[in-house]
>>> print(open('run_16.pdb').read())   # PDB, C-alpha atoms and all ligand atoms
MODEL        1
ATOM      1  CA  MET K   1     -14.365  13.647 -10.088  1.00  0.00           C
ATOM      2  CA  PRO K   2     -15.794  10.132 -10.585  1.00  0.00           C
ATOM      3  CA  LYS K   3     -18.392   8.892  -8.133  1.00  0.00           C
ATOM      4  CA  PRO K   4     -16.919   6.858  -5.249  1.00  0.00           C
ATOM      5  CA  ILE K   5     -16.714   3.095  -5.204  1.00  0.00           C
ATOM      6  CA  PHE K   6     -19.034   1.874  -2.466  1.00  0.00           C
ATOM      7  CA  VAL K   7     -17.409  -0.809  -0.277  1.00  0.00           C
ATOM      8  CA  LEU K   8     -20.071  -2.527   1.813  1.00  0.00           C
ATOM      9  CA  SER K   9     -19.404  -5.114   4.510  1.00  0.00           C
ATOM     10  CA  GLY K  10     -22.056  -7.213   6.195  1.00  0.00           C
ATOM     11  CA  PRO K  11     -22.725  -8.684   9.603  1.00  0.00           C
ATOM     12  CA  ASN K  12     -19.996  -9.376  12.144  1.00  0.00           C
ATOM     13  CA  LEU K  13     -17.237  -7.928   9.994  1.00  0.00           C
ATOM     14  CA  ASN K  14     -16.976  -5.078  12.524  1.00  0.00           C
ATOM     15  CA  LEU K  15     -15.338  -7.749  14.734  1.00  0.00           C
ATOM     16  CA  LEU K  16     -12.456  -8.374  12.350  1.00  0.00           C
ATOM     17  CA  GLY K  17      -9.071  -8.545  13.997  1.00  0.00           C
ATOM     18  CA  THR K  18     -10.532  -9.548  17.354  1.00  0.00           C
ATOM     19  CA  ARG K  19     -11.651 -13.163  16.810  1.00  0.00           C
ATOM     20  CA  GLU K  20     -10.974 -16.120  14.487  1.00  0.00           C
ATOM     21  CA  PRO K  21      -7.749 -14.614  13.059  1.00  0.00           C
ATOM     22  CA  ASP K  22      -6.877 -18.055  11.670  1.00  0.00           C
ATOM     23  CA  ILE K  23      -9.765 -17.642   9.211  1.00  0.00           C
ATOM     24  CA  TYR K  24     -10.167 -13.880   8.836  1.00  0.00           C
ATOM     25  CA  GLY K  25      -6.717 -12.475   9.668  1.00  0.00           C
ATOM     26  CA  TYR K  26      -5.486  -9.817  12.087  1.00  0.00           C
ATOM     27  CA  ASP K  27      -6.484  -6.678  10.179  1.00  0.00           C
ATOM     28  CA  THR K  28      -9.401  -4.697  11.547  1.00  0.00           C
ATOM     29  CA  LEU K  29     -12.098  -3.479   9.191  1.00  0.00           C
ATOM     30  CA  SER K  30     -10.754   0.031   9.697  1.00  0.00           C
ATOM     31  CA  ASP K  31      -7.322  -1.182   8.491  1.00  0.00           C
ATOM     32  CA  ILE K  32      -8.983  -2.733   5.444  1.00  0.00           C
ATOM     33  CA  HIS K  33     -10.895   0.467   4.693  1.00  0.00           C
ATOM     34  CA  ASP K  34      -7.616   2.426   4.833  1.00  0.00           C
ATOM     35  CA  ARG K  35      -6.040  -0.042   2.402  1.00  0.00           C
ATOM     36  CA  CYS K  36      -9.016   0.289   0.050  1.00  0.00           C
ATOM     37  CA  ALA K  37      -8.738   4.084   0.097  1.00  0.00           C
ATOM     38  CA  ALA K  38      -5.010   3.931  -0.688  1.00  0.00           C
ATOM     39  CA  ARG K  39      -5.511   1.450  -3.522  1.00  0.00           C
ATOM     40  CA  ALA K  40      -8.363   3.511  -5.006  1.00  0.00           C
ATOM     41  CA  GLU K  41      -6.270   6.687  -4.805  1.00  0.00           C
ATOM     42  CA  ALA K  42      -3.657   5.058  -7.060  1.00  0.00           C
ATOM     43  CA  PHE K  43      -6.375   4.957  -9.734  1.00  0.00           C
ATOM     44  CA  GLY K  44      -7.589   8.510  -9.043  1.00  0.00           C
ATOM     45  CA  LEU K  45     -10.671   7.105  -7.356  1.00  0.00           C
ATOM     46  CA  THR K  46     -12.291   7.395  -3.944  1.00  0.00           C
ATOM     47  CA  VAL K  47     -14.135   4.904  -1.773  1.00  0.00           C
ATOM     48  CA  ASP K  48     -17.102   5.140   0.550  1.00  0.00           C
ATOM     49  CA  CYS K  49     -16.710   2.268   3.032  1.00  0.00           C
ATOM     50  CA  ARG K  50     -19.580   1.168   5.267  1.00  0.00           C
ATOM     51  CA  GLN K  51     -20.456  -1.809   7.475  1.00  0.00           C
ATOM     52  CA  SER K  52     -23.761  -2.929   8.906  1.00  0.00           C
ATOM     53  CA  ASN K  53     -25.087  -5.901  10.834  1.00  0.00           C
ATOM     54  CA  HIS K  54     -28.562  -5.224   9.420  1.00  0.00           C
ATOM     55  CA  GLU K  55     -29.908  -6.629   6.161  1.00  0.00           C
ATOM     56  CA  GLY K  56     -32.256  -3.702   5.498  1.00  0.00           C
ATOM     57  CA  GLN K  57     -29.472  -1.164   6.004  1.00  0.00           C
ATOM     58  CA  LEU K  58     -27.302  -2.970   3.456  1.00  0.00           C
ATOM     59  CA  ILE K  59     -30.216  -2.994   1.009  1.00  0.00           C
ATOM     60  CA  ASP K  60     -30.767   0.763   1.539  1.00  0.00           C
ATOM     61  CA  TRP K  61     -27.077   1.371   0.746  1.00  0.00           C
ATOM     62  CA  VAL K  62     -27.257  -0.810  -2.381  1.00  0.00           C
ATOM     63  CA  GLN K  63     -30.227   1.269  -3.532  1.00  0.00           C
ATOM     64  CA  GLU K  64     -28.280   4.475  -2.779  1.00  0.00           C
ATOM     65  CA  ALA K  65     -25.431   3.142  -4.946  1.00  0.00           C
ATOM     66  CA  ARG K  66     -27.762   3.171  -7.977  1.00  0.00           C
ATOM     67  CA  GLU K  67     -27.186   6.939  -8.235  1.00  0.00           C
ATOM     68  CA  ALA K  68     -24.236   7.664  -5.955  1.00  0.00           C
ATOM     69  CA  ALA K  69     -21.565   5.080  -6.827  1.00  0.00           C
ATOM     70  CA  SER K  70     -19.415   4.243  -9.845  1.00  0.00           C
ATOM     71  CA  ALA K  71     -19.098   0.614  -8.715  1.00  0.00           C
ATOM     72  CA  LEU K  72     -20.025  -1.465  -5.707  1.00  0.00           C
ATOM     73  CA  ILE K  73     -17.881  -3.915  -3.764  1.00  0.00           C
ATOM     74  CA  ILE K  74     -19.752  -6.048  -1.269  1.00  0.00           C
ATOM     75  CA  ASN K  75     -18.711  -8.588   1.312  1.00  0.00           C
ATOM     76  CA  PRO K  76     -22.194  -9.715   2.270  1.00  0.00           C
ATOM     77  CA  ALA K  77     -20.830 -12.042   4.993  1.00  0.00           C
ATOM     78  CA  GLY K  78     -23.527 -14.441   6.201  1.00  0.00           C
ATOM     79  CA  TYR K  79     -26.277 -12.636   4.261  1.00  0.00           C
ATOM     80  CA  GLY K  80     -24.626 -13.736   1.033  1.00  0.00           C
ATOM     81  CA  HIS K  81     -25.777 -17.259   1.789  1.00  0.00           C
ATOM     82  CA  THR K  82     -29.313 -16.374   2.888  1.00  0.00           C
ATOM     83  CA  SER K  83     -30.612 -13.098   1.486  1.00  0.00           C
ATOM     84  CA  VAL K  84     -32.784 -13.151  -1.621  1.00  0.00           C
ATOM     85  CA  ALA K  85     -33.709  -9.546  -0.747  1.00  0.00           C
ATOM     86  CA  LEU K  86     -30.085  -8.427  -0.986  1.00  0.00           C
ATOM     87  CA  LEU K  87     -29.754 -10.268  -4.307  1.00  0.00           C
ATOM     88  CA  ASP K  88     -32.889  -8.536  -5.598  1.00  0.00           C
ATOM     89  CA  ALA K  89     -31.460  -5.121  -4.648  1.00  0.00           C
ATOM     90  CA  LEU K  90     -28.115  -5.872  -6.304  1.00  0.00           C
ATOM     91  CA  LYS K  91     -29.860  -6.964  -9.493  1.00  0.00           C
ATOM     92  CA  THR K  92     -31.260  -3.425  -9.884  1.00  0.00           C
ATOM     93  CA  LEU K  93     -27.754  -1.960 -10.263  1.00  0.00           C
ATOM     94  CA  ALA K  94     -26.393  -0.911 -13.643  1.00  0.00           C
ATOM     95  CA  ILE K  95     -22.872  -0.400 -12.234  1.00  0.00           C
ATOM     96  CA  PRO K  96     -20.196  -3.121 -11.767  1.00  0.00           C
ATOM     97  CA  VAL K  97     -20.662  -5.294  -8.673  1.00  0.00           C
ATOM     98  CA  VAL K  98     -17.640  -7.075  -7.186  1.00  0.00           C
ATOM     99  CA  GLU K  99     -18.385  -9.699  -4.523  1.00  0.00           C
ATOM    100  CA  CYS K 100     -15.554  -9.980  -2.024  1.00  0.00           C
ATOM    101  CA  HIS K 101     -14.724 -12.507   0.714  1.00  0.00           C
ATOM    102  CA  LEU K 102     -11.762 -12.760   3.041  1.00  0.00           C
ATOM    103  CA  SER K 103     -11.947 -16.558   3.113  1.00  0.00           C
ATOM    104  CA  ASN K 104     -12.862 -18.900   0.285  1.00  0.00           C
ATOM    105  CA  PRO K 105     -16.440 -19.958   1.120  1.00  0.00           C
ATOM    106  CA  ALA K 106     -16.348 -22.679  -1.552  1.00  0.00           C
ATOM    107  CA  ALA K 107     -13.622 -24.458   0.437  1.00  0.00           C
ATOM    108  CA  ARG K 108     -15.517 -24.320   3.744  1.00  0.00           C
ATOM    109  CA  GLU K 109     -18.765 -25.814   5.108  1.00  0.00           C
ATOM    110  CA  ALA K 110     -21.385 -27.015   2.617  1.00  0.00           C
ATOM    111  CA  PHE K 111     -23.839 -24.265   3.618  1.00  0.00           C
ATOM    112  CA  ARG K 112     -21.379 -21.628   2.367  1.00  0.00           C
ATOM    113  CA  LYS K 113     -21.252 -23.101  -1.145  1.00  0.00           C
ATOM    114  CA  THR K 114     -24.479 -21.350  -2.177  1.00  0.00           C
ATOM    115  CA  THR K 115     -24.126 -17.579  -2.330  1.00  0.00           C
ATOM    116  CA  TYR K 116     -27.186 -15.800  -3.696  1.00  0.00           C
ATOM    117  CA  VAL K 117     -25.265 -12.547  -4.101  1.00  0.00           C
ATOM    118  CA  SER K 118     -23.004 -14.208  -6.693  1.00  0.00           C
ATOM    119  CA  LEU K 119     -25.941 -14.255  -9.116  1.00  0.00           C
ATOM    120  CA  ALA K 120     -25.730 -10.444  -9.333  1.00  0.00           C
ATOM    121  CA  ALA K 121     -21.935 -10.118  -9.232  1.00  0.00           C
ATOM    122  CA  THR K 122     -19.853  -9.022 -12.176  1.00  0.00           C
ATOM    123  CA  GLY K 123     -17.002 -10.965 -10.564  1.00  0.00           C
ATOM    124  CA  ILE K 124     -15.872 -12.472  -7.273  1.00  0.00           C
ATOM    125  CA  VAL K 125     -12.653 -12.158  -5.243  1.00  0.00           C
ATOM    126  CA  SER K 126     -12.302 -14.586  -2.340  1.00  0.00           C
ATOM    127  CA  GLY K 127      -9.710 -16.301  -0.225  1.00  0.00           C
ATOM    128  CA  PHE K 128      -6.966 -13.672  -0.029  1.00  0.00           C
ATOM    129  CA  GLY K 129      -7.726 -12.240   3.402  1.00  0.00           C
ATOM    130  CA  ALA K 130      -7.655  -8.446   3.608  1.00  0.00           C
ATOM    131  CA  ALA K 131      -6.014  -8.390   0.181  1.00  0.00           C
ATOM    132  CA  SER K 132      -9.328  -9.601  -1.299  1.00  0.00           C
ATOM    133  CA  TYR K 133     -10.671  -6.106  -0.723  1.00  0.00           C
ATOM    134  CA  GLU K 134      -7.677  -4.484  -2.435  1.00  0.00           C
ATOM    135  CA  LEU K 135      -7.956  -6.870  -5.372  1.00  0.00           C
ATOM    136  CA  ALA K 136     -11.650  -6.012  -5.558  1.00  0.00           C
ATOM    137  CA  ILE K 137     -10.736  -2.310  -5.757  1.00  0.00           C
ATOM    138  CA  GLU K 138      -8.359  -3.099  -8.643  1.00  0.00           C
ATOM    139  CA  ALA K 139     -11.078  -5.077 -10.395  1.00  0.00           C
ATOM    140  CA  ALA K 140     -13.656  -2.322  -9.884  1.00  0.00           C
ATOM    141  CA  ALA K 141     -11.203   0.334 -11.098  1.00  0.00           C
ATOM    142  CA  GLY K 142     -10.652  -1.674 -14.263  1.00  0.00           C
ATOM    143  CA  LEU K 143     -14.365  -2.076 -14.800  1.00  0.00           C
ATOM    144  CA  VAL K 144     -14.988   1.676 -14.508  1.00  0.00           C
ATOM    145  CA  GLY K 145     -12.108   2.398 -16.863  1.00  0.00           C
ATOM    146  CA  ALA K 146      -9.775   4.064 -14.379  1.00  0.00           C
ATOM    147  CA  ALA K 147      -6.041   4.041 -15.159  1.00  0.00           C
ATOM    148  CA  ARG K 148      -3.395   3.607 -12.484  1.00  0.00           C
ATOM    149  CA  SER K 149      -1.395   6.829 -11.993  1.00  0.00           C
TER     150      SER K 149
HETATM  151  O1  LIG K 201     -14.859 -14.844   4.111  1.00  0.00           O
HETATM  152  C1  LIG K 201     -15.670 -13.918   4.186  1.00  0.00           C
HETATM  153  O2  LIG K 201     -15.380 -12.740   3.992  1.00  0.00           O
HETATM  154  C2  LIG K 201     -17.109 -14.236   4.605  1.00  0.00           C
HETATM  155  O3  LIG K 201     -17.978 -13.357   3.895  1.00  0.00           O
HETATM  156  C3  LIG K 201     -17.177 -13.989   6.094  1.00  0.00           C
HETATM  157  C4  LIG K 201     -18.529 -14.363   6.697  1.00  0.00           C
HETATM  158  C5  LIG K 201     -18.941 -15.763   6.295  1.00  0.00           C
HETATM  159  O4  LIG K 201     -20.264 -16.030   6.752  1.00  0.00           O
HETATM  160  C6  LIG K 201     -18.875 -15.973   4.789  1.00  0.00           C
HETATM  161  O5  LIG K 201     -19.185 -17.328   4.509  1.00  0.00           O
HETATM  162  C7  LIG K 201     -17.498 -15.667   4.257  1.00  0.00           C
HETATM  163  C8  LIG K 201     -18.482 -14.277   8.222  1.00  0.00           C
HETATM  164  C9  LIG K 201     -18.038 -12.949   8.763  1.00  0.00           C
HETATM  165  C10 LIG K 201     -17.802 -13.094  10.228  1.00  0.00           C
HETATM  166  O6  LIG K 201     -16.852 -12.122  10.622  1.00  0.00           O
HETATM  167  C11 LIG K 201     -16.176 -12.338  11.781  1.00  0.00           C
HETATM  168  C12 LIG K 201     -15.132 -11.482  12.040  1.00  0.00           C
HETATM  169  C13 LIG K 201     -14.392 -11.626  13.179  1.00  0.00           C
HETATM  170  C14 LIG K 201     -14.702 -12.610  14.095  1.00  0.00           C
HETATM  171  C15 LIG K 201     -15.750 -13.465  13.831  1.00  0.00           C
HETATM  172  C16 LIG K 201     -16.500 -13.328  12.689  1.00  0.00           C
ENDMDL
END
>>> encode(input="run_16.pdb", output="structure tokens")
Amino acid sequence: MPKPIFVLSGPNLNLLGTREPDIYGYDTLSDIHDRCAARAEAFGLTVDCRQSNHEGQLIDWVQEAREAASALIINPAGYGHTSVALLDALKTLAIPVVECHLSNPAAREAFRKTTYVSLAATGIVSGFGAASYELAIEAAAGLVGAARS
């Protein structure tokens, strides 16, 4: 059995579905995690989905992914725009890294145009709402060589 794809979500994403649905949609993070699991299953893969509001916790999980994951999907949320430490952790990974955003940060405020995490990403999916996560699963599956069943 291949190692799971880690799906990490950063600060405030636990509030999805409750506020700002015009930007982030109506799906809860739990809904999104279910959709990720279903999409991964179609490729014979599994996911390990986690969310934290804490930078250090996210970094600990990135370090865990070095040995425990086949690929890593990360929506770093606000930390993507601020955290050199998260970038440094991601740069230690030898597995594919897919950066994922619900919205398209490049089309929003100027301070969202710089995303440190992008410097360590194999690729980026943004702007498709909850479907960004599913597209990220498809991208990660392709990168690890999984075939759709
Ligand atoms: O579009 C994305 O996925 C973002 O990563 C979301 C971040 C934002 O800082 C990035 O620029 C783009 C913000 C996440 C906030 O999540 C909320 C969820 C529900 C209600 C309010 C905020």
>>> resolve_selection(input="run_16.pdb", expression="the PyMOL selection byres (((not hetatm)) within 8 of (chain K and resi 201))", output="ChimeraX atom specification")
/K:10-21,23-24,75-81,100-105,108,112,126-127,129
>>> closest_residue(input="run_16.pdb", among="K:Gly44, K:Ala110, K:Thr82, K:Ala130", to="K:Thr28", atoms="all atoms listed in the file")
K:Ala130
>>> resolve_selection(input="run_16.pdb", expression="the PyMOL selection byres (((chain K and resi 142) around 12) and not hetatm)", output="PyMOL selection string")
chain K and resi 5+40+43-45+70-71+96+98+122-123+135-141+143-148
>>> write_last_selection(input="run_16.pdb", atoms="C-alpha atoms", output="short mmCIF file (atom, residue, chain, number, x, y, z; two decimals), keeping the file's coordinate frame")
data_model
loop_
_atom_site.label_atom_id
_atom_site.label_comp_id
_atom_site.auth_asym_id
_atom_site.auth_seq_id
_atom_site.Cartn_x
_atom_site.Cartn_y
_atom_site.Cartn_z
CA ILE K 5 -16.71 3.10 -5.20
CA ALA K 40 -8.36 3.51 -5.01
CA PHE K 43 -6.38 4.96 -9.73
CA GLY K 44 -7.59 8.51 -9.04
CA LEU K 45 -10.67 7.10 -7.36
CA SER K 70 -19.42 4.24 -9.85
CA ALA K 71 -19.10 0.61 -8.72
CA PRO K 96 -20.20 -3.12 -11.77
CA VAL K 98 -17.64 -7.08 -7.19
CA THR K 122 -19.85 -9.02 -12.18
CA GLY K 123 -17.00 -10.96 -10.56
CA LEU K 135 -7.96 -6.87 -5.37
CA ALA K 136 -11.65 -6.01 -5.56
CA ILE K 137 -10.74 -2.31 -5.76
CA GLU K 138 -8.36 -3.10 -8.64
CA ALA K 139 -11.08 -5.08 -10.40
CA ALA K 140 -13.66 -2.32 -9.88
CA ALA K 141 -11.20 0.33 -11.10
CA LEU K 143 -14.36 -2.08 -14.80
CA VAL K 144 -14.99 1.68 -14.51
CA GLY K 145 -12.11 2.40 -16.86
CA ALA K 146 -9.78 4.06 -14.38
CA ALA K 147 -6.04 4.04 -15.16
CA ARG K 148 -3.40 3.61 -12.48
#
>>> resolve_selection(input="run_16.pdb", expression="the PyMOL selection byres (((chain K and resi 59) around 10) and not hetatm)", output="PyMOL selection string")
chain K and resi 54-58+60-65+85-90
>>> closest_residue(input="run_16.pdb", among="K:Ala131, K:Ile124, K:Cys49, K:Ala69", to="K:Met1", atoms="only C-alpha atoms")
K:Ala69
>>> atom_distance(input="run_16.pdb", atom1="atom CA of K:Glu109", atom2="atom CA of K:Glu134")
25.2 Å
>>> decode(input="run_16.pdb", residues="stretch 80-91 of chain K", atoms="all heavy atoms", output="PDB file, in the first residue's frame")
ATOM      1  N   GLY K  80       1.175  31.132   4.264  1.00  0.00           N
ATOM      2  CA  GLY K  80       1.844  31.090   2.966  1.00  0.00           C
ATOM      3  C   GLY K  80       2.495  32.415   2.615  1.00  0.00           C
ATOM      4  O   GLY K  80       3.528  32.454   1.941  1.00  0.00           O
ATOM      5  N   HIS K  81       1.881  33.495   3.111  1.00  0.00           N
ATOM      6  CA  HIS K  81       2.362  34.832   2.766  1.00  0.00           C
ATOM      7  C   HIS K  81       3.378  35.372   3.758  1.00  0.00           C
ATOM      8  O   HIS K  81       3.922  36.465   3.564  1.00  0.00           O
ATOM      9  CB  HIS K  81       1.180  35.802   2.692  1.00  0.00           C
ATOM     10  CG  HIS K  81       0.046  35.323   1.843  1.00  0.00           C
ATOM     11  ND1 HIS K  81       0.203  35.010   0.506  1.00  0.00           N
ATOM     12  CD2 HIS K  81      -1.259  35.065   2.134  1.00  0.00           C
ATOM     13  CE1 HIS K  81      -0.967  34.600   0.017  1.00  0.00           C
ATOM     14  NE2 HIS K  81      -1.854  34.606   0.987  1.00  0.00           N
ATOM     15  N   THR K  82       3.610  34.632   4.841  1.00  0.00           N
ATOM     16  CA  THR K  82       4.462  35.186   5.921  1.00  0.00           C
ATOM     17  C   THR K  82       5.581  34.263   6.383  1.00  0.00           C
ATOM     18  O   THR K  82       6.560  34.735   6.956  1.00  0.00           O
ATOM     19  CB  THR K  82       3.612  35.489   7.172  1.00  0.00           C
ATOM     20  OG1 THR K  82       3.064  34.255   7.675  1.00  0.00           O
ATOM     21  CG2 THR K  82       2.505  36.482   6.868  1.00  0.00           C
ATOM     22  N   SER K  83       5.443  32.948   6.194  1.00  0.00           N
ATOM     23  CA  SER K  83       6.281  32.022   6.953  1.00  0.00           C
ATOM     24  C   SER K  83       7.497  31.495   6.178  1.00  0.00           C
ATOM     25  O   SER K  83       7.390  30.538   5.391  1.00  0.00           O
ATOM     26  CB  SER K  83       5.456  30.829   7.452  1.00  0.00           C
ATOM     27  OG  SER K  83       6.285  29.944   8.180  1.00  0.00           O
ATOM     28  N   VAL K  84       8.647  32.089   6.466  1.00  0.00           N
ATOM     29  CA  VAL K  84       9.902  31.557   5.931  1.00  0.00           C
ATOM     30  C   VAL K  84      10.190  30.197   6.576  1.00  0.00           C
ATOM     31  O   VAL K  84      10.737  29.294   5.931  1.00  0.00           O
ATOM     32  CB  VAL K  84      11.049  32.546   6.202  1.00  0.00           C
ATOM     33  CG1 VAL K  84      12.388  31.967   5.789  1.00  0.00           C
ATOM     34  CG2 VAL K  84      10.790  33.865   5.465  1.00  0.00           C
ATOM     35  N   ALA K  85       9.773  30.022   7.825  1.00  0.00           N
ATOM     36  CA  ALA K  85      10.023  28.745   8.520  1.00  0.00           C
ATOM     37  C   ALA K  85       9.268  27.594   7.848  1.00  0.00           C
ATOM     38  O   ALA K  85       9.815  26.481   7.704  1.00  0.00           O
ATOM     39  CB  ALA K  85       9.613  28.867   9.985  1.00  0.00           C
ATOM     40  N   LEU K  86       8.042  27.852   7.435  1.00  0.00           N
ATOM     41  CA  LEU K  86       7.285  26.812   6.729  1.00  0.00           C
ATOM     42  C   LEU K  86       7.929  26.516   5.377  1.00  0.00           C
ATOM     43  O   LEU K  86       8.057  25.348   4.976  1.00  0.00           O
ATOM     44  CB  LEU K  86       5.829  27.271   6.562  1.00  0.00           C
ATOM     45  CG  LEU K  86       4.823  26.270   6.005  1.00  0.00           C
ATOM     46  CD1 LEU K  86       4.794  24.983   6.820  1.00  0.00           C
ATOM     47  CD2 LEU K  86       3.429  26.906   5.954  1.00  0.00           C
ATOM     48  N   LEU K  87       8.364  27.555   4.681  1.00  0.00           N
ATOM     49  CA  LEU K  87       9.097  27.344   3.419  1.00  0.00           C
ATOM     50  C   LEU K  87      10.334  26.489   3.656  1.00  0.00           C
ATOM     51  O   LEU K  87      10.596  25.538   2.907  1.00  0.00           O
ATOM     52  CB  LEU K  87       9.498  28.697   2.813  1.00  0.00           C
ATOM     53  CG  LEU K  87      10.504  28.625   1.660  1.00  0.00           C
ATOM     54  CD1 LEU K  87       9.934  27.866   0.468  1.00  0.00           C
ATOM     55  CD2 LEU K  87      10.939  30.027   1.252  1.00  0.00           C
ATOM     56  N   ASP K  88      11.104  26.816   4.685  1.00  0.00           N
ATOM     57  CA  ASP K  88      12.329  26.053   4.962  1.00  0.00           C
ATOM     58  C   ASP K  88      12.016  24.578   5.201  1.00  0.00           C
ATOM     59  O   ASP K  88      12.747  23.691   4.729  1.00  0.00           O
ATOM     60  CB  ASP K  88      13.048  26.638   6.185  1.00  0.00           C
ATOM     61  CG  ASP K  88      13.708  27.974   5.896  1.00  0.00           C
ATOM     62  OD1 ASP K  88      13.929  28.299   4.714  1.00  0.00           O
ATOM     63  OD2 ASP K  88      14.003  28.704   6.870  1.00  0.00           O
ATOM     64  N   ALA K  89      10.940  24.300   5.932  1.00  0.00           N
ATOM     65  CA  ALA K  89      10.548  22.901   6.189  1.00  0.00           C
ATOM     66  C   ALA K  89      10.159  22.215   4.886  1.00  0.00           C
ATOM     67  O   ALA K  89      10.581  21.074   4.620  1.00  0.00           O
ATOM     68  CB  ALA K  89       9.388  22.863   7.183  1.00  0.00           C
ATOM     69  N   LEU K  90       9.384  22.894   4.057  1.00  0.00           N
ATOM     70  CA  LEU K  90       8.937  22.287   2.795  1.00  0.00           C
ATOM     71  C   LEU K  90      10.115  21.995   1.876  1.00  0.00           C
ATOM     72  O   LEU K  90      10.109  21.005   1.124  1.00  0.00           O
ATOM     73  CB  LEU K  90       7.931  23.208   2.103  1.00  0.00           C
ATOM     74  CG  LEU K  90       6.562  23.303   2.788  1.00  0.00           C
ATOM     75  CD1 LEU K  90       5.770  24.496   2.264  1.00  0.00           C
ATOM     76  CD2 LEU K  90       5.769  22.015   2.594  1.00  0.00           C
ATOM     77  N   LYS K  91      11.121  22.853   1.934  1.00  0.00           N
ATOM     78  CA  LYS K  91      12.293  22.649   1.059  1.00  0.00           C
ATOM     79  C   LYS K  91      13.089  21.405   1.417  1.00  0.00           C
ATOM     80  O   LYS K  91      13.905  20.938   0.622  1.00  0.00           O
ATOM     81  CB  LYS K  91      13.182  23.896   1.075  1.00  0.00           C
ATOM     82  CG  LYS K  91      12.572  25.045   0.271  1.00  0.00           C
ATOM     83  CD  LYS K  91      13.315  26.338   0.432  1.00  0.00           C
ATOM     84  CE  LYS K  91      14.635  26.349  -0.304  1.00  0.00           C
ATOM     85  NZ  LYS K  91      15.246  27.709  -0.250  1.00  0.00           N
TER      86      LYS K  91
END
